[in-house]
Amino acid sequence: MLSSHILFQPSRGGRLLIFLLLLASLSAGCKKNSVHEDNPAVLQLLNAMDNGLELRTNYAGQHPITYYTALKLWNKQFGPFNTNYISQFPQPLALYGEADTLEKSIPVLDLQLELEPGGIYSLFVYGSKTDPGNLLHKDVHPVGNFADSLSFIRVVNLCPDQSISVNLKGQPAGSTAGQVDFRGVSEFAGHRITASTLSLEFEVRDAATGSLLTSLTTDPVQNNYGGKNLYINKSNSLVFVGRKDGTGVNAPQLLLMVHSY
């Protein structure tokens, strides 16, 4: 019995070894908590950079990257490819200009994204290559009721020096979103969809004067894409981009950012 008892009484060196092993185990557990592969964050990216600049993403935290496999962010376009699932917290993200392929090239933006597991985020990138900006917004999407048949729309303003309001054509100015200043994000507004609703036509107006700046007509709201409707009881964003009094690729325009792909 005595010898059995002694087997479970480690020496001073043994106790130290056990302590170090426990410490290493706790440390490994803490590091593991920074990765949540089974509960990722959703990140939707929109490239609204000036002068038609297209971007490549680098999530590795180091350069160079393999450009032909890196996600390409087409300028002022949004589709299913713009949605990423993030499992590392925090997440480094460097955005490189499409032509910046040399090893010593520097990113247009070098970000450290503070996301939360399971969170839903929109990342808007805008401005010029020499003066870029970004807006990270944590999204809370409304839950639609089948009986209501609403399309939920919010407005994001990425046009410097231009305050706007948005309305459906034929509705009062500001009925979708009142004054939205630069970098502003409005609340979601519900628009009823009926069997006779073909599409939604939105008008963007100068918030101060009420003058029409631009408009956008959605594709048919009754269509199903891959068996899924993108509008009824779904939420989407209207993003106003460009430069005030800009022309060509920098002209003010309204983009549709579909959150329900």
# chains A, B, ... in the order shown; residues from 1 in each chain; ligands from 1
>>> closest_atom_pairs(of="stretch 76-183 of chain A", to="stretch 245-253 of chain A", cutoff="12 Å", atoms="only C-alpha atoms", output="CSV")
residue,atom,partner,partner_atom,distance
A:Lys76,CA,A:Val249,CA,9.4
A:Gln77,CA,A:Gln253,CA,11.7
A:Tyr126,CA,A:Asn250,CA,11.1
A:Gly127,CA,A:Asn250,CA,10.1
A:Ser128,CA,A:Asn250,CA,10.3
A:Val156,CA,A:Gln253,CA,11.9
A:Asn157,CA,A:Gln253,CA,10.5
A:Leu158,CA,A:Pro252,CA,9.7
A:Cys159,CA,A:Pro252,CA,7.4
A:Pro160,CA,A:Pro252,CA,10.4
A:Asp161,CA,A:Asp245,CA,10.2
A:Gln162,CA,A:Asp245,CA,9.7
A:Ile164,CA,A:Pro252,CA,11.4
>>> write_last_selection(atoms="N, CA, C and O atoms", output="PDB file, in the first residue's frame")
ATOM      1  N   LYS A  76     -17.667  48.509 -58.260  1.00  0.00           N
ATOM      2  CA  LYS A  76     -19.085  48.889 -58.235  1.00  0.00           C
ATOM      3  C   LYS A  76     -19.994  47.787 -58.768  1.00  0.00           C
ATOM      4  O   LYS A  76     -20.968  48.035 -59.478  1.00  0.00           O
ATOM      5  N   GLN A  77     -19.655  46.545 -58.402  1.00  0.00           N
ATOM      6  CA  GLN A  77     -20.492  45.387 -58.709  1.00  0.00           C
ATOM      7  C   GLN A  77     -20.609  44.531 -57.465  1.00  0.00           C
ATOM      8  O   GLN A  77     -19.695  44.478 -56.650  1.00  0.00           O
ATOM      9  N   TYR A 126     -14.139  52.695 -50.364  1.00  0.00           N
ATOM     10  CA  TYR A 126     -14.418  53.817 -51.257  1.00  0.00           C
ATOM     11  C   TYR A 126     -13.215  54.753 -51.296  1.00  0.00           C
ATOM     12  O   TYR A 126     -12.206  54.540 -50.609  1.00  0.00           O
ATOM     13  N   GLY A 127     -13.327  55.826 -52.095  1.00  0.00           N
ATOM     14  CA  GLY A 127     -12.273  56.830 -52.172  1.00  0.00           C
ATOM     15  C   GLY A 127     -11.277  56.525 -53.270  1.00  0.00           C
ATOM     16  O   GLY A 127     -11.454  55.618 -54.086  1.00  0.00           O
ATOM     17  N   SER A 128     -10.195  57.288 -53.290  1.00  0.00           N
ATOM     18  CA  SER A 128      -9.165  57.119 -54.312  1.00  0.00           C
ATOM     19  C   SER A 128      -8.071  56.190 -53.802  1.00  0.00           C
ATOM     20  O   SER A 128      -7.987  55.892 -52.605  1.00  0.00           O
ATOM     21  N   VAL A 156     -27.157  53.375 -47.948  1.00  0.00           N
ATOM     22  CA  VAL A 156     -25.791  53.674 -47.516  1.00  0.00           C
ATOM     23  C   VAL A 156     -25.244  54.753 -48.437  1.00  0.00           C
ATOM     24  O   VAL A 156     -25.336  54.640 -49.655  1.00  0.00           O
ATOM     25  N   ASN A 157     -24.689  55.807 -47.852  1.00  0.00           N
ATOM     26  CA  ASN A 157     -24.168  56.926 -48.645  1.00  0.00           C
ATOM     27  C   ASN A 157     -22.648  56.946 -48.593  1.00  0.00           C
ATOM     28  O   ASN A 157     -22.054  57.217 -47.550  1.00  0.00           O
ATOM     29  N   LEU A 158     -22.009  56.664 -49.748  1.00  0.00           N
ATOM     30  CA  LEU A 158     -20.548  56.694 -49.841  1.00  0.00           C
ATOM     31  C   LEU A 158     -20.062  57.821 -50.746  1.00  0.00           C
ATOM     32  O   LEU A 158     -18.929  57.782 -51.222  1.00  0.00           O
ATOM     33  N   CYS A 159     -20.903  58.812 -50.981  1.00  0.00           N
ATOM     34  CA  CYS A 159     -20.546  59.943 -51.845  1.00  0.00           C
ATOM     35  C   CYS A 159     -20.178  61.150 -50.980  1.00  0.00           C
ATOM     36  O   CYS A 159     -21.040  61.733 -50.312  1.00  0.00           O
ATOM     37  N   PRO A 160     -18.896  61.544 -50.962  1.00  0.00           N
ATOM     38  CA  PRO A 160     -18.477  62.668 -50.108  1.00  0.00           C
ATOM     39  C   PRO A 160     -19.199  63.962 -50.488  1.00  0.00           C
ATOM     40  O   PRO A 160     -19.526  64.206 -51.654  1.00  0.00           O
ATOM     41  N   ASP A 161     -19.473  64.773 -49.475  1.00  0.00           N
ATOM     42  CA  ASP A 161     -20.035  66.115 -49.658  1.00  0.00           C
ATOM     43  C   ASP A 161     -21.434  66.105 -50.272  1.00  0.00           C
ATOM     44  O   ASP A 161     -21.867  67.106 -50.850  1.00  0.00           O
ATOM     45  N   GLN A 162     -22.145  64.993 -50.145  1.00  0.00           N
ATOM     46  CA  GLN A 162     -23.484  64.932 -50.712  1.00  0.00           C
ATOM     47  C   GLN A 162     -24.426  64.212 -49.755  1.00  0.00           C
ATOM     48  O   GLN A 162     -24.293  63.015 -49.513  1.00  0.00           O
ATOM     49  N   ILE A 164     -28.221  62.878 -49.014  1.00  0.00           N
ATOM     50  CA  ILE A 164     -29.277  62.395 -49.914  1.00  0.00           C
ATOM     51  C   ILE A 164     -30.507  61.953 -49.130  1.00  0.00           C
ATOM     52  O   ILE A 164     -30.463  61.735 -47.919  1.00  0.00           O
TER      53      ILE A 164
END
>>> select_by_dssp(residues="stretch 1-242 of chain A", states="helix (DSSP H, G or I)", output="VMD selection string")
chain A and resid 2 to 7 12 to 32 50 to 52 80 to 82
>>> closest_residue(among="A:Ser165, A:Ser211, A:Ser151, A:Gln62", to="A:Ser186", atoms="only C-alpha atoms")
A:Ser165
>>> residues_around(residues="A:Gly61", least_positions_apart="5", cutoff="12 Å", atoms="only C-alpha atoms", output="PyMOL selection string")
chain A and resi 88+90-95+107+110-113
>>> closest_residue(among="A:Ser175, A:Asn84, A:Asn224, A:Ser105", to="A:Leu71", atoms="only C-alpha atoms")
A:Asn84
>>> residues_around(residues="A:Leu136", least_positions_apart="4", cutoff="9 Å", atoms="only C-alpha atoms", output="ChimeraX atom specification")
/A:113,121-125
>>> write_last_selection(atoms="all heavy atoms", output="PDB file, in the first residue's frame")
ATOM      1  N   LEU A 113      -9.706  43.400 -39.009  1.00  0.00           N
ATOM      2  CA  LEU A 113     -11.144  43.404 -38.808  1.00  0.00           C
ATOM      3  C   LEU A 113     -11.502  42.806 -37.451  1.00  0.00           C
ATOM      4  O   LEU A 113     -11.205  41.645 -37.171  1.00  0.00           O
ATOM      5  CB  LEU A 113     -11.830  42.610 -39.923  1.00  0.00           C
ATOM      6  CG  LEU A 113     -11.584  43.118 -41.347  1.00  0.00           C
ATOM      7  CD1 LEU A 113     -12.279  42.203 -42.355  1.00  0.00           C
ATOM      8  CD2 LEU A 113     -12.049  44.554 -41.516  1.00  0.00           C
ATOM      9  N   TYR A 121     -21.672  41.186 -41.257  1.00  0.00           N
ATOM     10  CA  TYR A 121     -21.040  42.485 -41.467  1.00  0.00           C
ATOM     11  C   TYR A 121     -21.037  42.863 -42.944  1.00  0.00           C
ATOM     12  O   TYR A 121     -20.978  41.992 -43.829  1.00  0.00           O
ATOM     13  CB  TYR A 121     -19.589  42.469 -40.973  1.00  0.00           C
ATOM     14  CG  TYR A 121     -19.440  42.207 -39.495  1.00  0.00           C
ATOM     15  CD1 TYR A 121     -19.403  40.903 -39.007  1.00  0.00           C
ATOM     16  CD2 TYR A 121     -19.338  43.258 -38.585  1.00  0.00           C
ATOM     17  CE1 TYR A 121     -19.267  40.655 -37.656  1.00  0.00           C
ATOM     18  CE2 TYR A 121     -19.207  43.014 -37.229  1.00  0.00           C
ATOM     19  CZ  TYR A 121     -19.172  41.708 -36.764  1.00  0.00           C
ATOM     20  OH  TYR A 121     -19.041  41.457 -35.423  1.00  0.00           O
ATOM     21  N   SER A 122     -21.072  44.170 -43.186  1.00  0.00           N
ATOM     22  CA  SER A 122     -20.839  44.725 -44.513  1.00  0.00           C
ATOM     23  C   SER A 122     -19.599  45.602 -44.447  1.00  0.00           C
ATOM     24  O   SER A 122     -19.454  46.409 -43.516  1.00  0.00           O
ATOM     25  CB  SER A 122     -22.034  45.566 -44.976  1.00  0.00           C
ATOM     26  OG  SER A 122     -23.193  44.768 -45.142  1.00  0.00           O
ATOM     27  N   LEU A 123     -18.708  45.435 -45.418  1.00  0.00           N
ATOM     28  CA  LEU A 123     -17.503  46.254 -45.505  1.00  0.00           C
ATOM     29  C   LEU A 123     -17.544  47.013 -46.818  1.00  0.00           C
ATOM     30  O   LEU A 123     -17.544  46.411 -47.895  1.00  0.00           O
ATOM     31  CB  LEU A 123     -16.243  45.395 -45.426  1.00  0.00           C
ATOM     32  CG  LEU A 123     -14.918  46.160 -45.591  1.00  0.00           C
ATOM     33  CD1 LEU A 123     -14.729  47.186 -44.476  1.00  0.00           C
ATOM     34  CD2 LEU A 123     -13.737  45.187 -45.629  1.00  0.00           C
ATOM     35  N   PHE A 124     -17.618  48.335 -46.720  1.00  0.00           N
ATOM     36  CA  PHE A 124     -17.652  49.204 -47.885  1.00  0.00           C
ATOM     37  C   PHE A 124     -16.288  49.879 -48.033  1.00  0.00           C
ATOM     38  O   PHE A 124     -15.761  50.438 -47.072  1.00  0.00           O
ATOM     39  CB  PHE A 124     -18.732  50.276 -47.727  1.00  0.00           C
ATOM     40  CG  PHE A 124     -20.099  49.723 -47.408  1.00  0.00           C
ATOM     41  CD1 PHE A 124     -20.537  49.639 -46.092  1.00  0.00           C
ATOM     42  CD2 PHE A 124     -20.938  49.282 -48.415  1.00  0.00           C
ATOM     43  CE1 PHE A 124     -21.789  49.123 -45.788  1.00  0.00           C
ATOM     44  CE2 PHE A 124     -22.193  48.771 -48.124  1.00  0.00           C
ATOM     45  CZ  PHE A 124     -22.627  48.689 -46.809  1.00  0.00           C
ATOM     46  N   VAL A 125     -15.725  49.817 -49.243  1.00  0.00           N
ATOM     47  CA  VAL A 125     -14.434  50.426 -49.530  1.00  0.00           C
ATOM     48  C   VAL A 125     -14.650  51.491 -50.592  1.00  0.00           C
ATOM     49  O   VAL A 125     -15.285  51.233 -51.630  1.00  0.00           O
ATOM     50  CB  VAL A 125     -13.422  49.368 -50.018  1.00  0.00           C
ATOM     51  CG1 VAL A 125     -12.062  50.000 -50.247  1.00  0.00           C
ATOM     52  CG2 VAL A 125     -13.308  48.231 -49.014  1.00  0.00           C
TER      53      VAL A 125
END
>>> atom_distance(atom1="atom CA of A:Ala207", atom2="atom CA of A:Ser163")
5.4 Å
